[in-house]
$ cat coords_15.pdb   # PDB, C-alpha atoms
ATOM      1  CA  MET A  76     -26.171 -45.632  17.117  1.00  0.00           C
ATOM      2  CA  SER A  77     -23.921 -43.997  19.661  1.00  0.00           C
ATOM      3  CA  LEU A  78     -20.393 -42.761  19.402  1.00  0.00           C
ATOM      4  CA  SER A  79     -17.730 -44.645  21.290  1.00  0.00           C
ATOM      5  CA  ASP A  80     -15.318 -42.971  23.659  1.00  0.00           C
ATOM      6  CA  ARG A  81     -12.638 -43.172  20.963  1.00  0.00           C
ATOM      7  CA  GLN A  82     -14.765 -41.544  18.273  1.00  0.00           C
ATOM      8  CA  LEU A  83     -15.720 -38.452  20.316  1.00  0.00           C
ATOM      9  CA  PRO A  84     -12.200 -36.944  20.586  1.00  0.00           C
ATOM     10  CA  ALA A  85     -11.556 -37.644  16.902  1.00  0.00           C
ATOM     11  CA  LEU A  86     -14.854 -36.000  15.956  1.00  0.00           C
ATOM     12  CA  ALA A  87     -14.094 -32.969  18.149  1.00  0.00           C
ATOM     13  CA  LEU A  88     -10.605 -32.682  16.639  1.00  0.00           C
ATOM     14  CA  ALA A  89     -11.989 -32.858  13.101  1.00  0.00           C
ATOM     15  CA  ARG A  90     -14.574 -30.181  13.921  1.00  0.00           C
ATOM     16  CA  THR A  91     -11.886 -27.943  15.438  1.00  0.00           C
ATOM     17  CA  ARG A  92      -9.665 -28.355  12.381  1.00  0.00           C
ATOM     18  CA  SER A  93     -12.599 -27.545  10.114  1.00  0.00           C
ATOM     19  CA  LEU A  94     -13.393 -24.360  12.056  1.00  0.00           C
ATOM     20  CA  ALA A  95      -9.734 -23.338  12.087  1.00  0.00           C
ATOM     21  CA  ALA A  96      -9.450 -23.897   8.333  1.00  0.00           C
ATOM     22  CA  SER A  97     -12.548 -21.818   7.607  1.00  0.00           C
ATOM     23  CA  ALA A  98     -11.341 -19.050   9.959  1.00  0.00           C
ATOM     24  CA  GLY A  99      -7.939 -19.133   8.270  1.00  0.00           C
ATOM     25  CA  THR A 100      -9.569 -18.863   4.846  1.00  0.00           C
ATOM     26  CA  ALA A 101     -11.717 -15.948   6.017  1.00  0.00           C
ATOM     27  CA  MET A 102      -8.659 -14.200   7.463  1.00  0.00           C
ATOM     28  CA  LEU A 103      -6.720 -14.775   4.249  1.00  0.00           C
ATOM     29  CA  ASP A 104      -9.603 -13.305   2.224  1.00  0.00           C
ATOM     30  CA  PHE A 105      -9.697 -10.278   4.554  1.00  0.00           C
ATOM     31  CA  THR A 106      -5.927  -9.838   4.311  1.00  0.00           C
ATOM     32  CA  GLN A 107      -5.976 -10.035   0.516  1.00  0.00           C
ATOM     33  CA  ARG A 108      -8.843  -7.544   0.328  1.00  0.00           C
ATOM     34  CA  ALA A 109      -7.076  -5.170   2.730  1.00  0.00           C
ATOM     35  CA  GLN A 110      -3.849  -5.379   0.739  1.00  0.00           C
ATOM     36  CA  ARG A 111      -5.706  -4.724  -2.517  1.00  0.00           C
ATOM     37  CA  GLU A 112      -7.344  -1.655  -0.968  1.00  0.00           C
ATOM     38  CA  LEU A 113      -3.985  -0.439   0.318  1.00  0.00           C
ATOM     39  CA  TRP A 114      -2.479  -0.704  -3.181  1.00  0.00           C
ATOM     40  CA  VAL A 115      -5.407   1.302  -4.585  1.00  0.00           C
ATOM     41  CA  GLY A 116      -4.747   3.869  -1.845  1.00  0.00           C
ATOM     42  CA  VAL A 117      -1.077   3.989  -2.828  1.00  0.00           C
ATOM     43  CA  ALA A 118      -2.013   4.723  -6.447  1.00  0.00           C
ATOM     44  CA  VAL A 119      -4.458   7.448  -5.403  1.00  0.00           C
ATOM     45  CA  VAL A 120      -2.070   9.118  -2.960  1.00  0.00           C
ATOM     46  CA  MET A 121       0.903   8.999  -5.334  1.00  0.00           C
ATOM     47  CA  THR A 122      -1.219  10.463  -8.139  1.00  0.00           C
ATOM     48  CA  ALA A 123      -2.418  13.231  -5.821  1.00  0.00           C
ATOM     49  CA  ASP A 124       1.194  13.916  -4.791  1.00  0.00           C
ATOM     50  CA  LEU A 125       2.239  14.172  -8.434  1.00  0.00           C
ATOM     51  CA  ALA A 126      -0.673  16.479  -9.306  1.00  0.00           C
ATOM     52  CA  LEU A 127      -0.181  18.744  -6.298  1.00  0.00           C
ATOM     53  CA  THR A 128       3.546  18.924  -6.958  1.00  0.00           C
ATOM     54  CA  ALA A 129       2.877  19.972 -10.558  1.00  0.00           C
ATOM     55  CA  VAL A 130       0.435  22.669  -9.399  1.00  0.00           C
ATOM     56  CA  GLY A 131       2.869  23.903  -6.752  1.00  0.00           C
ATOM     57  CA  LEU A 132       5.749  24.069  -9.223  1.00  0.00           C
ATOM     58  CA  ALA A 133       3.570  25.969 -11.693  1.00  0.00           C
ATOM     59  CA  HIS A 134       2.893  28.560  -8.983  1.00  0.00           C
ATOM     60  CA  GLY A 135       6.508  29.083  -7.998  1.00  0.00           C
ATOM     61  CA  LEU A 136       7.008  26.544  -5.223  1.00  0.00           C
ATOM     62  CA  ALA A 137      10.198  24.451  -5.172  1.00  0.00           C
ATOM     63  CA  GLU A 138      10.681  20.716  -4.746  1.00  0.00           C
ATOM     64  CA  ARG A 139      12.479  19.966  -1.459  1.00  0.00           C
ATOM     65  CA  ASN A 140      13.280  16.277  -2.062  1.00  0.00           C
ATOM     66  CA  PRO A 141      16.738  16.129  -3.710  1.00  0.00           C
ATOM     67  CA  VAL A 142      16.009  12.926  -5.664  1.00  0.00           C
ATOM     68  CA  ALA A 143      12.698  14.307  -6.938  1.00  0.00           C
ATOM     69  CA  ARG A 144      14.415  17.622  -7.721  1.00  0.00           C
ATOM     70  CA  TRP A 145      16.997  15.761  -9.813  1.00  0.00           C
ATOM     71  CA  ALA A 146      14.235  13.834 -11.668  1.00  0.00           C
ATOM     72  CA  LEU A 147      12.423  17.120 -12.322  1.00  0.00           C
ATOM     73  CA  ALA A 148      15.619  18.719 -13.628  1.00  0.00           C
ATOM     74  CA  GLN A 149      16.257  15.784 -15.966  1.00  0.00           C
ATOM     75  CA  ALA A 150      12.789  15.266 -17.462  1.00  0.00           C
ATOM     76  CA  GLY A 151      10.313  17.634 -15.861  1.00  0.00           C
ATOM     77  CA  ILE A 152       7.078  16.260 -14.445  1.00  0.00           C
ATOM     78  CA  ALA A 153       7.563  13.101 -16.553  1.00  0.00           C
ATOM     79  CA  GLY A 154      10.776  12.462 -14.600  1.00  0.00           C
ATOM     80  CA  LEU A 155       8.876  12.756 -11.350  1.00  0.00           C
ATOM     81  CA  ALA A 156       6.212  10.389 -12.685  1.00  0.00           C
ATOM     82  CA  GLY A 157       8.973   7.961 -13.672  1.00  0.00           C
ATOM     83  CA  LEU A 158      10.360   8.166 -10.156  1.00  0.00           C
ATOM     84  CA  LYS A 159       6.920   7.268  -8.773  1.00  0.00           C
ATOM     85  CA  VAL A 160       6.624   4.321 -11.180  1.00  0.00           C
ATOM     86  CA  PHE A 161      10.106   3.144 -10.147  1.00  0.00           C
ATOM     87  CA  ALA A 162       9.079   3.293  -6.468  1.00  0.00           C
ATOM     88  CA  LEU A 163       5.917   1.299  -7.242  1.00  0.00           C
ATOM     89  CA  CYS A 164       7.885  -1.348  -9.153  1.00  0.00           C
ATOM     90  CA  LEU A 165      10.433  -1.656  -6.368  1.00  0.00           C
ATOM     91  CA  ALA A 166       7.643  -1.969  -3.806  1.00  0.00           C
ATOM     92  CA  ALA A 167       5.895  -4.620  -5.920  1.00  0.00           C
ATOM     93  CA  CYS A 168       9.111  -6.666  -6.042  1.00  0.00           C
ATOM     94  CA  CYS A 169       9.413  -6.414  -2.257  1.00  0.00           C
ATOM     95  CA  TRP A 170       5.744  -7.357  -1.874  1.00  0.00           C
ATOM     96  CA  PHE A 171       6.293 -10.575  -3.840  1.00  0.00           C
ATOM     97  CA  ALA A 172       9.324 -11.399  -1.669  1.00  0.00           C
ATOM     98  CA  VAL A 173       7.645 -11.176   1.743  1.00  0.00           C
ATOM     99  CA  PRO A 174       5.209 -13.755   3.149  1.00  0.00           C
ATOM    100  CA  ARG A 175       1.563 -12.927   2.338  1.00  0.00           C
ATOM    101  CA  ARG A 176       0.599 -12.225   5.933  1.00  0.00           C
ATOM    102  CA  TYR A 177       3.176  -9.395   6.063  1.00  0.00           C
ATOM    103  CA  GLY A 178       2.304  -8.031   2.626  1.00  0.00           C
ATOM    104  CA  SER A 179       0.399  -5.047   4.027  1.00  0.00           C
ATOM    105  CA  VAL A 180       3.644  -3.552   5.309  1.00  0.00           C
ATOM    106  CA  ILE A 181       4.882  -2.783   1.788  1.00  0.00           C
ATOM    107  CA  PRO A 182       1.986  -0.579   0.602  1.00  0.00           C
ATOM    108  CA  LEU A 183       1.856   1.026   4.043  1.00  0.00           C
ATOM    109  CA  GLY A 184       5.512   1.951   3.606  1.00  0.00           C
ATOM    110  CA  LEU A 185       4.512   3.879   0.492  1.00  0.00           C
ATOM    111  CA  ILE A 186       1.157   5.283   1.541  1.00  0.00           C
ATOM    112  CA  LEU A 187       2.210   6.796   4.868  1.00  0.00           C
ATOM    113  CA  PRO A 188       5.048   9.071   3.683  1.00  0.00           C
ATOM    114  CA  SER A 189       3.165   9.876   0.484  1.00  0.00           C
ATOM    115  CA  SER A 190       0.147  10.917   2.537  1.00  0.00           C
ATOM    116  CA  VAL A 191       2.326  13.285   4.542  1.00  0.00           C
ATOM    117  CA  ALA A 192       3.695  14.736   1.298  1.00  0.00           C
ATOM    118  CA  VAL A 193       0.158  15.176  -0.055  1.00  0.00           C
ATOM    119  CA  GLY A 194      -0.889  16.941   3.146  1.00  0.00           C
ATOM    120  CA  VAL A 195       2.084  19.306   3.036  1.00  0.00           C
ATOM    121  CA  ASN A 196       1.604  19.954  -0.690  1.00  0.00           C
ATOM    122  CA  ALA A 197      -2.117  20.601  -0.243  1.00  0.00           C
ATOM    123  CA  VAL A 198      -1.497  23.172   2.495  1.00  0.00           C
ATOM    124  CA  LEU A 199       1.230  24.904   0.478  1.00  0.00           C
ATOM    125  CA  VAL A 200      -0.861  24.983  -2.695  1.00  0.00           C
ATOM    126  CA  TRP A 201      -3.860  26.241  -0.693  1.00  0.00           C
ATOM    127  CA  PHE A 202      -1.928  29.260   0.562  1.00  0.00           C
ATOM    128  CA  VAL A 203      -0.131  29.995  -2.713  1.00  0.00           C
ATOM    129  CA  VAL A 204      -2.946  29.615  -5.232  1.00  0.00           C
TER     130      VAL A 204
END
$ encode --input "coords_15.pdb" --output "structure tokens"
Amino acid sequence: MSLSDRQLPALALARTRSLAASAGTAMLDFTQRAQRELWVGVAVVMTADLALTAVGLAHGLAERNPVARWALAQAGIAGLAGLKVFALCLAACCWFAVPRRYGSVIPLGLILPSSVAVGVNAVLVWFVV
């Protein structure tokens, strides 16, 4: 039993579509895993920022961010924690609004500036404590 000239292109096209579908599924799995890991990183970095800020404030350092300073003045460290939760909720809403393939941009938008804040706070706390 041999394949006719008409069946070969159709078979090749079906095989190509099958490979593309499996590659697309693998990429989607990788993207979802990467986004999940980024969100875990956001939680870790924001928690570290909150903890280092609390330690710095306890040792006489001042908050430089005016919004965070206002939250601290209103409710102390709980106000700062509430500000972090608000930022996470806002980011989650944005994450649901963007197409899945661009979803990594949202946690990156939180993790990058928060990482800088953690680095600055860690250095300041290191020299003060």
$ closest_residue --input "coords_15.pdb" --among "A:Ile186, A:Ala148, A:Leu165, A:Leu136" --to "A:Val119" --atoms "all atoms listed in the file"
A:Ile186
$ atom_distance --input "coords_15.pdb" --atom1 "atom CA of A:Val160" --atom2 "atom CA of A:Gly178"
19.0 Å
$ resolve_selection --input "coords_15.pdb" --expression "the PyMOL selection byres ((chain A and resi 194-199) around 8)" --output "number ranges by chain"
A: 124, 127-128, 131, 190-193, 200-203
$ write_last_selection --input "coords_15.pdb" --atoms "C-alpha atoms" --output "CSV table (one decimal), keeping the file's coordinate frame"
chain,number,residue,atom,x,y,z
A,124,ASP,CA,1.2,13.9,-4.8
A,127,LEU,CA,-0.2,18.7,-6.3
A,128,THR,CA,3.5,18.9,-7.0
A,131,GLY,CA,2.9,23.9,-6.8
A,190,SER,CA,0.1,10.9,2.5
A,191,VAL,CA,2.3,13.3,4.5
A,192,ALA,CA,3.7,14.7,1.3
A,193,VAL,CA,0.2,15.2,-0.1
A,200,VAL,CA,-0.9,25.0,-2.7
A,201,TRP,CA,-3.9,26.2,-0.7
A,202,PHE,CA,-1.9,29.3,0.6
A,203,VAL,CA,-0.1,30.0,-2.7
$ residues_around --input "coords_15.pdb" --residues "A:Val204" --least-positions-apart "6" --cutoff "10 Å" --atoms "only C-alpha atoms" --output "list in words"
Val130, Gly131, Ala133, His134 and Gly135 of chain A
$ atom_distance --input "coords_15.pdb" --atom1 "atom CA of A:Ala109" --atom2 "atom CA of A:Trp170"
13.8 Å
$ resolve_selection --input "coords_15.pdb" --expression "the PyMOL selection byres ((chain A and resi 145-147) around 12)" --output "number ranges by chain"
A: 125, 128-129, 132, 137-144, 148-159, 161
$ residues_around --input "coords_15.pdb" --residues "A:Leu163" --least-positions-apart "4" --cutoff "9 Å" --atoms "all atoms listed in the file" --output "NGL selection string"
:A and (117-118 or 158-159 or 167-168 or 182 or 185)
$ atom_distance --input "coords_15.pdb" --atom1 "atom CA of A:Cys169" --atom2 "atom CA of A:Ile181"
7.1 Å
$ residues_around --input "coords_15.pdb" --residues "A:Arg175" --least-positions-apart "4" --cutoff "9 Å" --atoms "all atoms listed in the file" --output "PyMOL selection string"
chain A and resi 103+106-107+170-171+179
$ closest_residue --input "coords_15.pdb" --among "A:Val120, A:Val115, A:Leu183, A:Ala126" --to "A:Ala166" --atoms "all atoms listed in the file"
A:Leu183
